[in-house]
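Please read the structure below before turning to the comments.
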Amino acid sequence: MKKIPLMNLKDCFADIYDEVMDKMKELVDNTRFIGGAEIELFEKEFAQYCHTEYAVGCSNGTDAIEIALRTLGVGHGDIVLVPANSFIATAEAVINVDADVEFIDVEDEYYTIDVEKLKIYLEENKEKNIKAIIPVHLYGQMADMPEIMKIAEEYGLKVIEDSAQAHGAEINGKRPGEYGDFATFSFYPGKNLGAFGDAGALVTNYKELYEKARMLVNHGRKPGVKYEHEIVGYNKRIDTLQAAVLRIKLKHLEKWTDMRREKVKYYLELLKNNNNIILPKLRRNSNPVWHLFVIRVDDRNNLQKKLQENGISSGIHYPIALHMQPAYRYKGYVKGDFPVAEKHAKEILSLPLWPEIEKSSIKEICDRL
């Protein structure tokens with residue numbers, strides 16, 4: 001039986017193998033492991049890719065959110081709003097800066113934060129010290145950033161775009177980082193732009209935010225001065241080897257993204273008449289990068305089991321809504337507080353997707369469905 005994995009990280013490596021190995025040998029031979037030109041060049045190139053002025057490489061996507069929060073002065077006594085359907089890192093970073101997290105339900109069709117429910121929450125909680133919002137661009141499609149920015153301006157909120165799944169996505173022709181104070185990225189190996197380990201980045205168009213974030217990731221060190229520390233910082237730098245790998249892969253990202261879009265288009269064509277499946281929908285003026293291809297079905301667990309029996313892997317992103325996680329039991333949320341996120345947690349199923357997946361594999365998956 002042919003087995004089809006959820007994703008295959010080896011396929012994209014074939015085209016870049018020699019270049020990556022040559023670069024890693026060069027860095028090892030010159031014992032260049034921390035700092036240096038590769039990081040500076042990657043930050044410059046990634047900022048250009050994101051259509052922003054500045055980028056700061058860091059240790060991982062979770063730390064990127066934490067650094068963004070600290071740069072914006074979010075901390076004890078502040079409330080940060082997060083969608084109820086996301087990976088826990090989004091909310092975890094809020095707690096790690098000693099702020100409090102509050103959840104907002106998500107849209108049924110697009111899975112990102114529901115702007116109408118966001119408005120209701122803000123109107124009903126004007127007395128609370130709400131400092132920031134972290135919209136999550138989920139599965140490769142951006143949240144409704146034009147509307148979110150209007151709301152943020154009205155209520156005086158800082159905005160951090162969690163873009164861990166949205167490298168190069170667009171809405172109204174703008175990418176993550178062109179809207180908020182910061183956009184944060186993960187380069188976890190399975191991401192659309194993945195490192196060979198943990199790595200992350202922040203991008204911004206604001207010089208003062210860039211300068212502070214730059215110091216925070218590197219012990220609060222004043223730029224260009226080795227032992228002078230302007231502020232209390234952290235050791236959350238990006239490794240030189242990871243930056244070098246990311247530089248090489250970044251050159252191929254647009255091609256890989258187009259390949260993802262082509263494969264999703266094929267999925268949608270094959271599944272359009274299957275009335276038992278809810279397919280992903282495209283937001284108006286949106287251009288997703290399809291980090292994941294997520295469908296919804298009533299009997300998700302049984303379907304996943306049957307697919308596995310036929311050699312087809314799948315995933316669930318995510319099986320437990322954030323407010324129902326044991327880690328946030330202390331907040332007193334109960335079942336039914338965020339019904340859309342809870343429904344999604346029971347229905348969503350991620351099907352195999354990576355740039356090089358063969359159309360014959362997609363057809364087999366759809367035939368089984």
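FYI, nothing fancy with the structure tokens labels: chains A, B, ... in order, residues from 1 per chain, ligands from 1 as they appear.
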*Using backbone DSSP assignments, extract all strand (DSSP E or B) residues from segment 168-215 of chain A; output them as number ranges by chain.*
A: 170-171, 174, 182-186, 200-204
Writer output for current selection, N, CA, C and O atoms, as a compact mmCIF listing (two decimals), in the first residue's frame:
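Result went into result_16.txt, see below:
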```
# COMPACT_ATOMS: atom_id res chain seq x y z
N GLU A 170 -1.26 37.57 1.66
CA GLU A 170 -1.65 38.96 1.41
C GLU A 170 -3.15 39.14 1.61
O GLU A 170 -3.94 38.21 1.41
N ILE A 171 -3.52 40.36 2.02
CA ILE A 171 -4.91 40.81 1.97
C ILE A 171 -4.88 42.27 1.54
O ILE A 171 -4.08 43.06 2.05
N LYS A 174 -1.40 43.64 0.78
CA LYS A 174 -0.41 43.86 1.83
C LYS A 174 -0.12 42.56 2.57
O LYS A 174 -1.02 41.74 2.78
N PHE A 182 3.89 44.99 14.78
CA PHE A 182 4.82 43.91 14.46
C PHE A 182 4.07 42.79 13.75
O PHE A 182 2.86 42.61 13.94
N ALA A 183 4.78 42.03 12.95
CA ALA A 183 4.36 40.68 12.57
C ALA A 183 5.45 39.73 13.04
O ALA A 183 6.64 40.05 12.96
N THR A 184 5.04 38.60 13.56
CA THR A 184 6.00 37.61 14.07
C THR A 184 5.91 36.34 13.24
O THR A 184 4.84 35.97 12.77
N PHE A 185 7.05 35.67 13.10
CA PHE A 185 7.12 34.49 12.26
C PHE A 185 7.84 33.35 12.98
O PHE A 185 8.78 33.58 13.75
N SER A 186 7.39 32.15 12.70
CA SER A 186 8.10 30.94 13.10
C SER A 186 8.75 30.33 11.86
O SER A 186 8.15 30.32 10.78
N GLY A 200 13.03 32.08 14.44
CA GLY A 200 11.88 32.96 14.27
C GLY A 200 12.33 34.34 13.87
O GLY A 200 13.52 34.61 13.72
N ALA A 201 11.36 35.25 13.69
CA ALA A 201 11.70 36.63 13.34
C ALA A 201 10.52 37.54 13.65
O ALA A 201 9.37 37.10 13.76
N LEU A 202 10.84 38.83 13.80
CA LEU A 202 9.85 39.89 13.89
C LEU A 202 10.11 40.85 12.74
O LEU A 202 11.27 41.09 12.38
N VAL A 203 9.05 41.41 12.17
CA VAL A 203 9.23 42.48 11.18
C VAL A 203 8.37 43.66 11.60
O VAL A 203 7.33 43.51 12.25
N THR A 204 8.81 44.86 11.22
CA THR A 204 8.10 46.09 11.58
C THR A 204 8.50 47.20 10.62
O THR A 204 9.55 47.13 9.97
```
Per residue of segment 27-138 of chain A within 7 Å of segment 212-222 of chain A, note the shortest atom pair and the distance in Å to one decimal, counting only C-alpha atoms, and order the rows by chain and increasing residue number, as a Markdown table.
```
| residue | atom | partner | partner_atom | distance |
| --- | --- | --- | --- | --- |
| A:Val56 | CA | A:Arg214 | CA | 6.1 |
| A:Cys58 | CA | A:Val217 | CA | 6.5 |
| A:Ile67 | CA | A:Ala213 | CA | 6.4 |
| A:Ala68 | CA | A:Ala213 | CA | 7.0 |
| A:Thr71 | CA | A:Ala213 | CA | 5.8 |
```
Could you dump the residues just selected with N, CA and C atoms as a CSV table (one decimal), in the first residue's frame?
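Once written, again_35.csv looks like this:
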```csv
chain,number,residue,atom,x,y,z
A,56,VAL,N,14.1,41.4,12.6
A,56,VAL,CA,15.0,41.0,13.6
A,56,VAL,C,14.8,39.4,13.8
A,58,CYS,N,15.2,35.8,15.5
A,58,CYS,CA,15.3,35.4,16.9
A,58,CYS,C,15.2,33.9,17.0
A,67,ILE,N,9.0,38.9,22.5
A,67,ILE,CA,9.8,40.0,22.3
A,67,ILE,C,8.9,41.2,21.8
A,68,ALA,N,8.0,40.9,20.9
A,68,ALA,CA,7.1,42.0,20.4
A,68,ALA,C,6.3,42.6,21.5
A,71,THR,N,8.6,44.7,23.7
A,71,THR,CA,9.0,45.9,23.0
A,71,THR,C,7.9,46.9,23.1
```
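Residues in contact with segment 250-259 of chain A at 7 Å, where only C-alpha atoms are counted and same-chain residues fewer than 5 positions away are skipped, are listed as Leu193, Val289 and Pro355 of chain A.
For the set A:Arg329, A:Leu270, A:Gly315, A:Tyr54, the residue with the smallest atom-to-atom gap to Ile365 of chain A is A:Leu270, counting only C-alpha atoms.
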*Using DSSP on the backbone, list every residue of segment 57-267 of chain A that comes out as alpha helix (DSSP H), and give them as a PyMOL selection string.*
chain A and resi 61-71+89-96+115-124+145-155+207-216+240-250+253-267
*Selection: 10 Å around Arg283 of chain A, only C-alpha atoms, excl. self and same-chain fewer than 6 positions, as a list in words*: Glu109, Tyr110, Gln141, Met142, Ala143, Asp144 and Ile171 of chain A
Only N, CA, C and O atoms, please: the residues just picked out, written as a short mmCIF file (atom, residue, chain, number, x, y, z; two decimals), in the first residue's frame.
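Printed below is part.cif as written:
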```
data_model
loop_
_atom_site.label_atom_id
_atom_site.label_comp_id
_atom_site.auth_asym_id
_atom_site.auth_seq_id
_atom_site.Cartn_x
_atom_site.Cartn_y
_atom_site.Cartn_z
N GLU A 109 -16.25 30.70 8.73
CA GLU A 109 -15.79 30.40 7.38
C GLU A 109 -14.28 30.48 7.22
O GLU A 109 -13.69 29.70 6.47
N TYR A 110 -13.64 31.44 7.91
CA TYR A 110 -12.21 31.70 7.66
C TYR A 110 -11.30 31.31 8.82
O TYR A 110 -10.08 31.39 8.70
N GLN A 141 -3.98 31.85 5.62
CA GLN A 141 -4.84 32.95 5.19
C GLN A 141 -4.86 34.04 6.26
O GLN A 141 -5.01 33.75 7.45
N MET A 142 -4.72 35.29 5.82
CA MET A 142 -4.65 36.39 6.77
C MET A 142 -6.02 36.72 7.37
O MET A 142 -7.06 36.55 6.74
N ALA A 143 -5.99 37.17 8.62
CA ALA A 143 -7.19 37.68 9.27
C ALA A 143 -7.63 38.96 8.57
O ALA A 143 -6.93 39.50 7.71
N ASP A 144 -8.78 39.47 8.94
CA ASP A 144 -9.34 40.67 8.32
C ASP A 144 -8.62 41.90 8.85
O ASP A 144 -9.16 42.70 9.62
N ILE A 171 -3.52 40.36 2.02
CA ILE A 171 -4.91 40.81 1.97
C ILE A 171 -4.88 42.27 1.54
O ILE A 171 -4.08 43.06 2.05
#
```
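If you measure from each of A:Arg175, A:Val225, A:Asn274, A:Gly36 to Gln48 of chain A using only C-alpha atoms, the closest one turns out to be A:Arg175.
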Could you list, as a compact mmCIF listing (two decimals) with C-alpha atoms, in the first residue's frame, every residue within 12 Å of Met324 of chain A, counting only C-alpha atoms and ignoring same-chain residues fewer than 4 positions away?
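That gives us result17.txt:
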```txt
# COMPACT_ATOMS: atom_id res chain seq x y z
CA ALA A 84 -9.71 30.99 20.68
CA ASN A 85 -8.48 28.77 17.84
CA SER A 86 -4.69 28.87 17.56
CA ILE A 88 -0.99 27.61 22.38
CA PHE A 103 -9.98 34.93 24.13
CA TYR A 318 -6.14 22.08 16.67
CA PRO A 319 -8.14 19.47 18.61
CA ILE A 320 -8.65 21.59 21.76
CA TYR A 328 -6.09 27.92 31.25
CA ARG A 329 -8.49 26.16 33.57
CA TYR A 330 -7.79 28.84 36.16
CA LYS A 331 -9.60 31.40 34.00
CA GLY A 332 -12.92 29.69 34.57
CA TYR A 333 -14.02 29.28 30.97
CA VAL A 334 -16.65 26.62 30.36
CA LYS A 335 -17.86 24.67 27.36
CA GLY A 336 -19.97 26.89 25.16
CA ASP A 337 -18.12 30.13 25.86
CA PHE A 338 -16.62 30.16 22.34
CA PRO A 339 -18.92 27.86 20.34
CA ALA A 341 -13.85 27.49 18.04
CA GLU A 342 -15.25 24.48 19.91
CA ALA A 345 -11.99 21.63 17.18
```
